[in-house]
Structures are given as C-alpha cells and as structure tokens.
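Chemist: Dropping in work.tsv, with TSV, C-alpha atoms.
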chain	number	residue	atom	x	y	z
G	1	PRO	CA	29.34	34.97	190.59
G	2	ALA	CA	29.89	35.71	194.26
G	3	HIS	CA	27.72	38.84	194.26
G	4	LEU	CA	24.57	36.89	193.33
G	5	PRO	CA	22.11	35.91	196.11
G	6	PRO	CA	22.51	32.27	197.26
G	7	LEU	CA	19.23	31.16	195.67
G	8	TRP	CA	20.27	32.57	192.29
G	9	ARG	CA	23.68	30.91	192.55
G	10	ARG	CA	21.98	27.63	193.38
G	11	LEU	CA	19.52	27.98	190.50
G	12	LEU	CA	22.11	28.96	187.89
G	13	GLY	CA	24.51	26.32	189.16
G	14	CYS	CA	21.80	23.72	188.80
G	15	ILE	CA	20.65	24.73	185.34
G	16	PHE	CA	24.14	25.47	184.04
G	17	PRO	CA	26.56	23.13	185.87
G	18	PRO	CA	30.30	23.66	185.50
G	19	ALA	CA	30.39	20.96	182.83
G	20	THR	CA	28.37	23.18	180.49
G	21	PRO	CA	30.63	23.66	177.42
G	22	VAL	CA	29.99	27.33	176.60
G	23	LEU	CA	27.82	29.79	178.48
G	24	GLN	CA	27.76	33.55	178.55
G	25	LEU	CA	25.27	35.60	180.55
G	26	THR	CA	25.15	39.26	179.54
G	27	VAL	CA	23.23	41.99	181.37
G	28	HIS	CA	22.21	44.98	179.24
G	29	THR	CA	21.18	48.30	180.76
G	30	PHE	CA	18.95	50.71	178.88
G	31	ASN	CA	19.19	54.47	179.21
G	32	GLN	CA	15.94	55.95	177.96
G	33	SER	CA	17.47	59.40	177.44
G	34	ALA	CA	19.97	57.93	174.97
G	35	TRP	CA	17.38	56.21	172.77
G	36	THR	CA	17.27	57.48	169.21
G	37	PRO	CA	14.68	58.34	168.05
G	38	ALA	CA	13.38	59.61	171.39
G	39	ILE	CA	10.56	57.47	172.74
G	40	VAL	CA	7.01	58.80	172.88
G	41	THR	CA	4.05	56.77	174.09
G	42	ARG	CA	0.38	57.00	174.82
G	43	SER	CA	-2.11	54.34	175.83
G	44	LEU	CA	-5.72	55.30	175.21
G	45	ASP	CA	-7.41	52.24	176.69
G	46	PRO	CA	-8.86	53.02	180.16
G	47	GLY	CA	-6.99	51.15	182.87
G	48	THR	CA	-3.92	50.46	180.73
G	49	SER	CA	-2.07	53.74	181.12
G	50	ARG	CA	0.80	51.75	182.70
G	51	LEU	CA	1.48	50.39	179.21
G	52	GLY	CA	2.68	53.84	178.25
G	53	SER	CA	5.72	53.33	180.49
G	54	ALA	CA	9.11	53.13	178.81
G	55	TYR	CA	9.49	49.68	180.38
G	56	ASN	CA	6.81	48.49	177.96
G	57	TRP	CA	8.66	49.90	174.96
G	58	PHE	CA	12.34	49.09	175.41
G	59	ARG	CA	11.93	45.86	173.42
G	60	TRP	CA	11.62	48.02	170.29
G	61	TYR	CA	15.21	49.17	170.87
G	62	LEU	CA	16.70	45.74	171.59
G	63	PRO	CA	17.84	45.14	167.98
G	64	THR	CA	19.97	48.29	168.23
G	65	THR	CA	21.69	47.02	171.39
G	66	ILE	CA	21.94	43.24	171.05
G	67	THR	CA	24.49	42.22	168.46
G	68	GLU	CA	23.19	38.68	167.87
G	69	GLU	CA	21.32	38.26	164.61
G	70	ARG	CA	18.38	36.49	166.27
G	71	PHE	CA	17.11	36.80	169.83
G	72	LEU	CA	13.95	36.06	171.82
G	73	TYR	CA	12.04	38.58	173.91
G	74	MET	CA	9.70	37.35	176.68
G	75	ASP	CA	7.47	39.30	179.04
G	76	CYS	CA	8.21	38.91	182.75
G	77	ASP	CA	4.80	37.25	183.31
G	78	THR	CA	5.70	34.19	181.24
G	79	LEU	CA	6.78	30.74	182.38
G	80	VAL	CA	8.92	28.64	180.04
G	81	ARG	CA	8.24	24.90	179.89
G	82	ARG	CA	10.28	23.89	176.84
G	83	ASP	CA	13.78	24.58	175.56
G	84	VAL	CA	13.57	27.89	173.70
G	85	ALA	CA	16.63	26.91	171.65
G	86	GLU	CA	14.14	25.33	169.25
G	87	LEU	CA	12.98	28.79	168.24
G	88	PHE	CA	16.41	29.73	166.98
G	89	ASP	CA	16.06	27.01	164.35
G	90	ALA	CA	12.52	28.08	163.40
G	91	THR	CA	12.10	29.59	159.97
G	92	MET	CA	11.32	33.30	159.74
G	93	PHE	CA	11.19	33.22	155.95
G	94	LEU	CA	7.89	34.35	154.39
G	95	PRO	CA	7.41	32.20	151.25
G	96	ARG	CA	4.48	34.26	149.96
G	97	TRP	CA	6.61	37.39	150.15
G	98	HIS	CA	9.91	35.76	149.15
G	99	LYS	CA	11.72	37.50	152.02
G	100	PRO	CA	12.57	37.01	155.70
G	101	ALA	CA	10.47	38.58	158.44
G	102	ALA	CA	11.85	40.99	161.02
G	103	ILE	CA	9.76	39.43	163.80
G	104	ALA	CA	7.81	36.27	164.56
G	105	ALA	CA	4.94	36.06	167.05
G	106	VAL	CA	1.89	34.09	168.09
G	107	PHE	CA	-1.41	35.35	166.72
G	108	THR	CA	-4.55	35.27	168.85
G	109	PRO	CA	-8.19	34.60	167.88
G	110	GLN	CA	-8.97	38.28	168.56
G	111	PRO	CA	-9.32	40.57	165.52
G	112	LEU	CA	-6.79	43.39	165.33
G	113	LYS	CA	-9.61	45.93	165.08
G	114	HIS	CA	-10.34	45.49	168.81
G	115	PHE	CA	-7.07	47.28	169.54
G	116	LEU	CA	-7.38	50.07	166.97
G	117	CYS	CA	-9.19	53.42	166.95
G	118	ALA	CA	-11.86	52.19	164.54
G	119	LYS	CA	-13.58	55.59	164.24
G	120	THR	CA	-10.44	57.37	163.03
G	121	LEU	CA	-10.53	58.06	159.28
G	122	THR	CA	-6.91	56.96	158.88
G	123	ILE	CA	-7.65	53.55	160.40
G	124	ARG	CA	-10.85	53.15	158.40
G	125	LYS	CA	-8.80	53.66	155.22
G	126	TRP	CA	-5.78	51.61	156.32
G	127	LEU	CA	-5.20	48.58	154.08
G	128	PHE	CA	-2.63	45.79	154.33
G	129	PRO	CA	-1.14	44.80	150.95
G	130	ARG	CA	-0.98	41.12	150.02
G	131	PRO	CA	1.41	39.29	147.68
G	132	ASP	CA	-1.32	38.65	145.11
G	133	GLY	CA	-1.87	42.39	144.68
G	134	THR	CA	-5.06	42.57	146.75
G	135	ARG	CA	-5.49	44.57	149.94
G	136	VAL	CA	-7.35	43.89	153.17
G	137	SER	CA	-8.72	46.39	155.68
G	138	VAL	CA	-7.09	46.41	159.12
G	139	LEU	CA	-10.66	46.38	160.46
G	140	SER	CA	-11.48	43.09	158.75
G	141	THR	CA	-12.26	40.26	161.17
G	142	GLU	CA	-9.89	38.01	159.20
G	143	VAL	CA	-6.93	40.13	160.35
G	144	LYS	CA	-6.03	38.70	163.75
G	145	ALA	CA	-4.00	40.43	166.46
G	146	LEU	CA	-0.61	39.19	167.56
G	147	ASN	CA	0.52	39.13	171.18
G	148	ALA	CA	3.81	40.94	171.74
G	149	GLY	CA	4.65	39.16	175.00
G	150	VAL	CA	6.81	36.64	173.13
G	151	LEU	CA	8.68	37.98	170.10
G	152	LEU	CA	11.41	36.40	168.01
G	153	PHE	CA	13.56	39.13	166.44
G	154	ASP	CA	15.77	39.12	163.37
G	155	SER	CA	17.97	42.10	164.26
G	156	ARG	CA	19.33	42.65	160.77
G	157	GLU	CA	15.90	42.64	159.14
G	158	TRP	CA	14.55	44.90	161.89
G	159	ARG	CA	17.24	47.45	161.11
G	160	GLU	CA	17.13	47.07	157.32
G	161	GLN	CA	13.35	47.50	157.28
G	162	ARG	CA	13.76	50.65	159.44
G	163	ALA	CA	11.14	49.38	161.85
G	164	LEU	CA	12.11	51.74	164.66
G	165	ASP	CA	11.82	54.85	162.49
G	166	LYS	CA	8.41	53.70	161.19
G	167	TRP	CA	7.18	53.00	164.69
G	168	HIS	CA	8.42	56.39	165.91
G	169	THR	CA	6.53	58.15	163.10
G	170	LEU	CA	3.34	56.37	164.14
G	171	ALA	CA	3.92	57.14	167.81
G	172	VAL	CA	4.45	60.85	167.14
G	173	ARG	CA	1.29	60.91	165.06
G	174	THR	CA	-0.89	59.39	167.78
G	175	GLU	CA	0.83	61.52	170.44
G	176	LYS	CA	-0.34	64.62	168.58
G	177	GLY	CA	-3.93	63.44	168.75
G	178	GLY	CA	-4.35	61.28	165.66
G	179	CYS	CA	-5.60	58.20	167.48
G	180	LEU	CA	-4.45	54.99	165.75
G	181	TRP	CA	-4.52	52.38	168.54
G	182	ARG	CA	-6.42	51.90	171.79
G	183	LEU	CA	-3.87	49.66	173.50
G	184	ALA	CA	-0.21	50.63	173.34
G	185	GLY	CA	2.59	48.14	172.78
G	186	GLN	CA	1.16	45.64	170.27
G	187	PRO	CA	-0.91	46.91	167.29
G	188	GLU	CA	1.92	49.20	166.20
G	189	LEU	CA	3.92	46.18	165.05
G	190	GLN	CA	1.16	45.16	162.69
G	191	LEU	CA	0.69	48.68	161.39
G	192	ILE	CA	4.43	48.70	160.62
G	193	PHE	CA	4.79	45.25	159.05
G	194	GLY	CA	1.25	44.47	157.91
G	195	GLU	CA	0.97	40.75	157.21
G	196	GLN	CA	4.74	40.35	156.80
G	197	ILE	CA	5.15	38.79	160.24
G	198	ALA	CA	6.20	35.17	160.74
G	199	LYS	CA	3.84	33.01	162.82
G	200	LEU	CA	5.05	30.99	165.78
G	201	ASP	CA	3.40	27.81	167.01
G	202	PRO	CA	0.63	29.02	169.40
G	203	ARG	CA	2.03	26.77	172.12
G	204	TRP	CA	4.94	29.22	172.47
G	205	ASN	CA	2.59	31.86	173.90
G	206	HIS	CA	-0.43	30.33	175.63
G	207	GLY	CA	-1.93	33.55	176.91
G	208	TRP	CA	-5.01	35.06	178.53
G	209	LEU	CA	-4.05	33.39	181.81
G	210	GLY	CA	-4.18	36.78	183.48
G	211	SER	CA	-7.50	37.60	181.82
G	212	THR	CA	-9.63	34.64	182.84
G	213	ASP	CA	-12.59	36.81	183.86
G	214	TRP	CA	-12.64	38.12	180.29
G	215	LEU	CA	-12.43	34.55	178.96
G	216	LEU	CA	-15.41	33.55	181.08
G	217	ARG	CA	-17.49	36.49	179.88
G	218	GLN	CA	-16.46	36.01	176.26
G	219	TYR	CA	-16.52	32.23	175.87
G	220	GLY	CA	-18.06	30.69	179.00
G	221	PRO	CA	-16.90	28.15	181.63
G	222	SER	CA	-16.55	25.16	179.27
G	223	PHE	CA	-14.12	26.95	176.94
G	224	THR	CA	-12.20	28.40	179.89
G	225	ARG	CA	-11.75	24.97	181.50
G	226	GLY	CA	-10.55	23.60	178.18
G	227	TRP	CA	-8.16	26.50	177.80
G	228	ALA	CA	-6.79	25.83	181.28
G	229	ARG	CA	-6.37	22.10	180.63
G	230	ASN	CA	-4.62	22.83	177.33
G	231	ALA	CA	-2.31	25.25	179.13
G	232	SER	CA	-1.36	22.63	181.72
G	233	THR	CA	-0.77	19.80	179.24
G	234	ASN	CA	0.32	21.24	175.89
G	235	ALA	CA	1.71	24.76	176.26
G	236	PHE	CA	5.42	25.39	175.73
G	237	MET	CA	5.19	28.82	177.38
G	238	LEU	CA	2.49	30.12	179.74
G	239	HIS	CA	1.65	33.82	179.63
G	240	TRP	CA	-0.32	35.67	182.31
G	241	ASN	CA	-1.16	38.67	180.14
G	242	GLY	CA	-3.89	40.69	181.81
G	243	PRO	CA	-4.47	42.08	185.30
G	244	LEU	CA	-3.97	38.79	187.20
G	245	LYS	CA	-0.27	38.17	187.83
G	246	PRO	CA	1.35	35.04	189.31
G	247	TRP	CA	3.32	36.96	191.94
G	248	ALA	CA	0.07	38.41	193.35
G	249	MET	CA	-1.66	35.07	193.87
G	250	ARG	CA	-2.09	32.70	196.78
G	251	ARG	CA	-2.07	28.94	196.52
G	252	PRO	CA	-5.66	27.78	195.84
G	253	PRO	CA	-7.29	24.86	197.68
G	254	ALA	CA	-6.66	21.50	196.01
G	255	ALA	CA	-9.36	20.49	193.53
G	256	ARG	CA	-10.94	17.10	194.15
G	257	SER	CA	-11.65	16.34	190.52
G	258	GLU	CA	-11.36	17.71	187.02
G	259	GLN	CA	-14.90	19.08	187.34
G	260	ALA	CA	-13.75	21.05	190.36
G	261	THR	CA	-11.31	23.07	188.24
G	262	PRO	CA	-11.90	26.67	189.39
G	263	VAL	CA	-13.50	28.87	186.77
G	264	ALA	CA	-13.59	32.23	188.51
G	265	GLY	CA	-10.82	34.65	187.57
G	266	GLN	CA	-8.12	34.59	190.20
G	267	PRO	CA	-8.61	30.96	191.39
G	268	LEU	CA	-8.16	29.68	187.84
G	269	ALA	CA	-5.06	31.77	187.14
G	270	ALA	CA	-3.65	30.88	190.55
G	271	ALA	CA	-4.28	27.16	190.04
G	272	LEU	CA	-2.36	27.21	186.77
G	273	TRP	CA	0.51	29.15	188.30
G	274	TRP	CA	0.86	26.95	191.37
G	275	SER	CA	0.64	23.81	189.27
G	276	ALA	CA	3.51	25.02	187.09
G	277	ALA	CA	5.48	26.42	190.04
G	278	THR	CA	5.20	23.16	191.97
G	279	LEU	CA	6.50	21.26	188.94
G	280	VAL	CA	9.40	23.68	188.51
G	281	HIS	CA	10.22	23.47	192.23
G	282	GLY	CA	10.31	19.69	192.06
G	283	GLU	CA	12.58	19.77	189.01
G	284	LEU	CA	14.83	22.27	190.77
G	285	GLU	CA	15.14	20.04	193.82
G	286	ARG	CA	16.04	17.02	191.68
G	287	CYS	CA	18.48	19.09	189.65
G	288	ASP	CA	19.98	20.55	192.82
G	289	ALA	CA	20.56	17.06	194.24
G	290	SER	CA	22.27	16.00	191.02
G	291	PHE	CA	24.36	19.15	191.04
G	292	ARG	CA	25.50	18.56	194.64
G	293	ALA	CA	26.42	14.98	193.76
G	294	TRP	CA	28.40	16.16	190.72
G	295	SER	CA	30.14	18.83	192.80
G	296	SER	CA	31.15	16.27	195.44
G	297	GLN	CA	32.52	13.89	192.83
G	298	HIS	CA	34.38	16.73	191.12
G	299	ALA	CA	35.89	17.89	194.42
G	300	ALA	CA	36.95	14.33	195.33
G	301	ALA	CA	38.55	13.82	191.91
G	302	SER	CA	40.55	17.01	192.20
Could the structure of this file be written out as structure tokens, please?
Modeler:
Amino acid sequence: PAHLPPLWRRLLGCIFPPATPVLQLTVHTFNQSAWTPAIVTRSLDPGTSRLGSAYNWFRWYLPTTITEERFLYMDCDTLVRRDVAELFDATMFLPRWHKPAAIAAVFTPQPLKHFLCAKTLTIRKWLFPRPDGTRVSVLSTEVKALNAGVLLFDSREWREQRALDKWHTLAVRTEKGGCLWRLAGQPELQLIFGEQIAKLDPRWNHGWLGSTDWLLRQYGPSFTRGWARNASTNAFMLHWNGPLKPWAMRRPPAARSEQATPVAGQPLAAALWWSAATLVHGELERCDASFRAWSSQHAAAS
C-alpha cells in the first residue's frame, strides 16, 4: 500500500511478490475499555511491574476478535527462522485426555512453582488432575512452566472452555490480595488449563536470550555457550525474553574463535541478535534483487 514507509513496502514486496496466489494482511486494533470481562492485572515480582500493562494481556482477548479457528501469537522480541505455517498442521489433540487443547506452548526446564506465590494456602493446596485419576501439586518440581511468548491458539476451544472467564476470576482474586502468582502473564494459563496444554517442539521458542546473566548464574558458562550455539544452529524461533532486548544492543566485536563466544550478559545476547540480523539482512538483499528482476521482467512483458 502507498501509505507504508518505503522500507516496509520493499520488505513486503520481497517476501510476498505479486505472484503470490492469495495473501491478506489484516490489522486489528484493541480497545481496552471495550474488553469484556474488564481487564485487571497485577504483577507482584519486583522489577516486572511493566508486565501488568494491558499490552501484556491483550493476547487473552485475541480469540474473541480473530475469526480464524487457529492462530499464532508471538512476542515482539522474537525472531522467526522457519516457516510458521508448519504450526498450523501441528496436532493440538491431547490423546491422554481424548480432547483438543485450547493452546499449545513450549515448556521450559523451570518448575512452575518459581512463578507462584508458594506461601499462599490456596497455592499450597492447588492440585492438577490427571487422566488416570491422580493429582499433582502445582508446587511439584515435575510440573514445568510454559513460556507464553509463543502461543498457538485454538479459538473455538478457548471460547468453549471459557478460558477468559476463568482467567478473569483468578485475576480478580489476586487483585483483591489473594496472591496466586509472582509473575503476571504466564502462570495463569496453567492454573486455568492444568496439564491440558499441548506441547510445541522447544525449537519454536528458544528463550532466555534476554536473560543470559541469569543463565550464567544458574547453569554456568559451559551451559550458556551451548545454549547460544544451539540457538544459532537449531532454533526455529529465537526469543529474547528477559531484560536484554535486541533493539537496545550494539554490534559486538567479532569473535576470533568458538572459545571466544562472549559469555557475559549483553555481549552474548547481542552476538546472537547480530548474527541472526546479519543473516536476515543478507536474505533480504538477495530477495530484493530477485524481486527487482521479476518486476523488470513483468513490466517488460506488459
């Protein structure tokens, strides 16, 4: 469209040339005052109060706005390296439960209990049911936390399972002082659905790239280097969840060898970002050249 900046027109024209059979880009706007039920939020984790913003919660309302049966939500600090169309063929059926899931996500090695108010009586008594009739405590280390930065939604199941109403009830409860979670925006999904969440291939959300200082403290330099190498070679989607963001980084000095891979917070996150960005820029240039050639041929033919 003519109103788009030149760089965006170039990018979209390169990715989606005129020969593309069918393409529709739709922009949705969200009016917080019109959301039903009304949104309420609170983040209790020090330093994460920004997660209480409505911008962190609008994804919960997407199934009420987007008419497609299945859609993919991605945080703005992600970088896609593989065709996400594959996810729309992924199964969201839960064989142990004999039913489809409302959402699918990548689960992390971190236990869910790290994000819950473990001293609250309600949380201490909270149990997830299992298909075999047993129950497991939400504070058990075997219950891992999902990351909500990449979510595959089944809109119909989301609505039929009344997920939004259940979430709103939980949010009102914690807003009134009954602390259930320490970090807003993720554990609520697991308190709503329990273990009835489909699991995506971990390569679709290779995270912690914005939390490399935490990785170093938690697992050490060797693990962090391995995590970085795995991100650069195997990940389908890179995710800079955490305080370090790609748009706030400078290009790091070139490493002379694999052993020189930076292992201190920002240099590591920046190295990963610039490596991916350089690759994307190169692909864009090649695509742009092909697009210009196609355009010239098309103009000459007409």
Chemist: Using all atoms listed in the file, which residues sit within 10 Å of stretch 139-144 of chain G once same-chain residues fewer than 3 positions away are excluded, as a list in words?
Modeler: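 Residues near the query, excluding close chain neighbours: Phe107, Thr108, Pro109, Gln110, Pro111, Leu112, Lys113, His114, Phe115, Leu116, Cys117, Ala118, Ile123, Arg124, Lys125, Trp126, Leu127, Phe128, Val136, Asn147, Gln190, Gly194 and Glu195 of chain G.
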Chemist: Interatomic distance between atom CA of G:Arg203 and atom CA of G:Phe236?
Modeler: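 According to the coordinates, atom CA of G:Arg203 and atom CA of G:Phe236 are separated by 5.1 Å.
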Chemist: Taking all atoms listed in the file into account, which of G:Val150, G:Met74, G:Ile103, G:Leu87 comes nearest G:Ala163?
Modeler: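 The closest residue to G:Ala163 is G:Ile103.
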Chemist: Considering only C-alpha atoms, state which residue in the set G:Asp132, G:Glu175, G:Glu157, G:Asp77 is at the smallest distance from G:Lys99.
Modeler: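 Closest to G:Lys99, using only C-alpha atoms: G:Glu157.
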Chemist: Could you please determine the separation between atom CA of G:Leu183 and atom CA of G:Gln196 in Å, to one decimal place?
Modeler: 21.0 Å
Chemist: State, in Å with one decimal place, the distance from atom CA of G:Pro187 to atom CA of G:Leu146.
Modeler: 7.7 Å
Chemist: Taking all atoms of stretch 234-248 of chain G that appear in the file, build a box with edges along x, y and z, extend it by 5 Å on every side, and state its centre and edge lengths in Å to one decimal, as AutoDock Vina command-line options.
Modeler:
--center_x 0.5 --center_y 31.7 --center_z 184.5 --size_x 19.9 --size_y 30.8 --size_z 27.6
Chemist: Excluding G:Ala231 and its own-chain neighbours fewer than 6 positions away, which residues fall within 10 Å of it when counting all atoms listed in the file? Please give them as a list in words.
Modeler: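 These residues fall inside the cut-off: Arg203, Asn205, His206, Gly207, Leu209, Arg225, Met237, Leu238, His239, Leu272 and Ala276 of chain G.
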Chemist: Please determine, counting all atoms listed in the file, which residue among G:Ser211, G:Thr78, G:Gln186, G:Gln218 has the shortest atom-to-atom distance to G:Trp57.
Modeler: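 Ranked by minimum distance to G:Trp57, first place goes to G:Gln186.
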Chemist: Select, from G:Ser137, G:Thr212, G:Asn241, G:Thr122, the residue with the minimum atom-to-atom distance to G:Gly178, counting only C-alpha atoms.
Modeler: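 Of the candidates, the smallest distance to G:Gly178 is held by G:Thr122.
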Chemist: Between G:Lys199, G:Arg173, G:Arg81, G:Arg59, single out the one closest to G:Thr233, counting only C-alpha atoms.
Modeler: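 Ranking G:Lys199, G:Arg173, G:Arg81, G:Arg59 by distance to G:Thr233, first place goes to G:Arg81.
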Chemist: Env of G:Asp154: 6 Å cut, atoms = only C-alpha atoms, seq-sep filter 5 positions within chain, self excluded. Answer as a PyMOL selection string.
Modeler: chain G and resi 69-70+102
Chemist: I need the residue nearest G:Ala104 from this list: G:Leu151, G:Leu191, G:Trp247, G:Thr224. Use only C-alpha atoms for the distance.
Modeler: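 Checking each candidate against G:Ala104, we get G:Leu151 as the closest.
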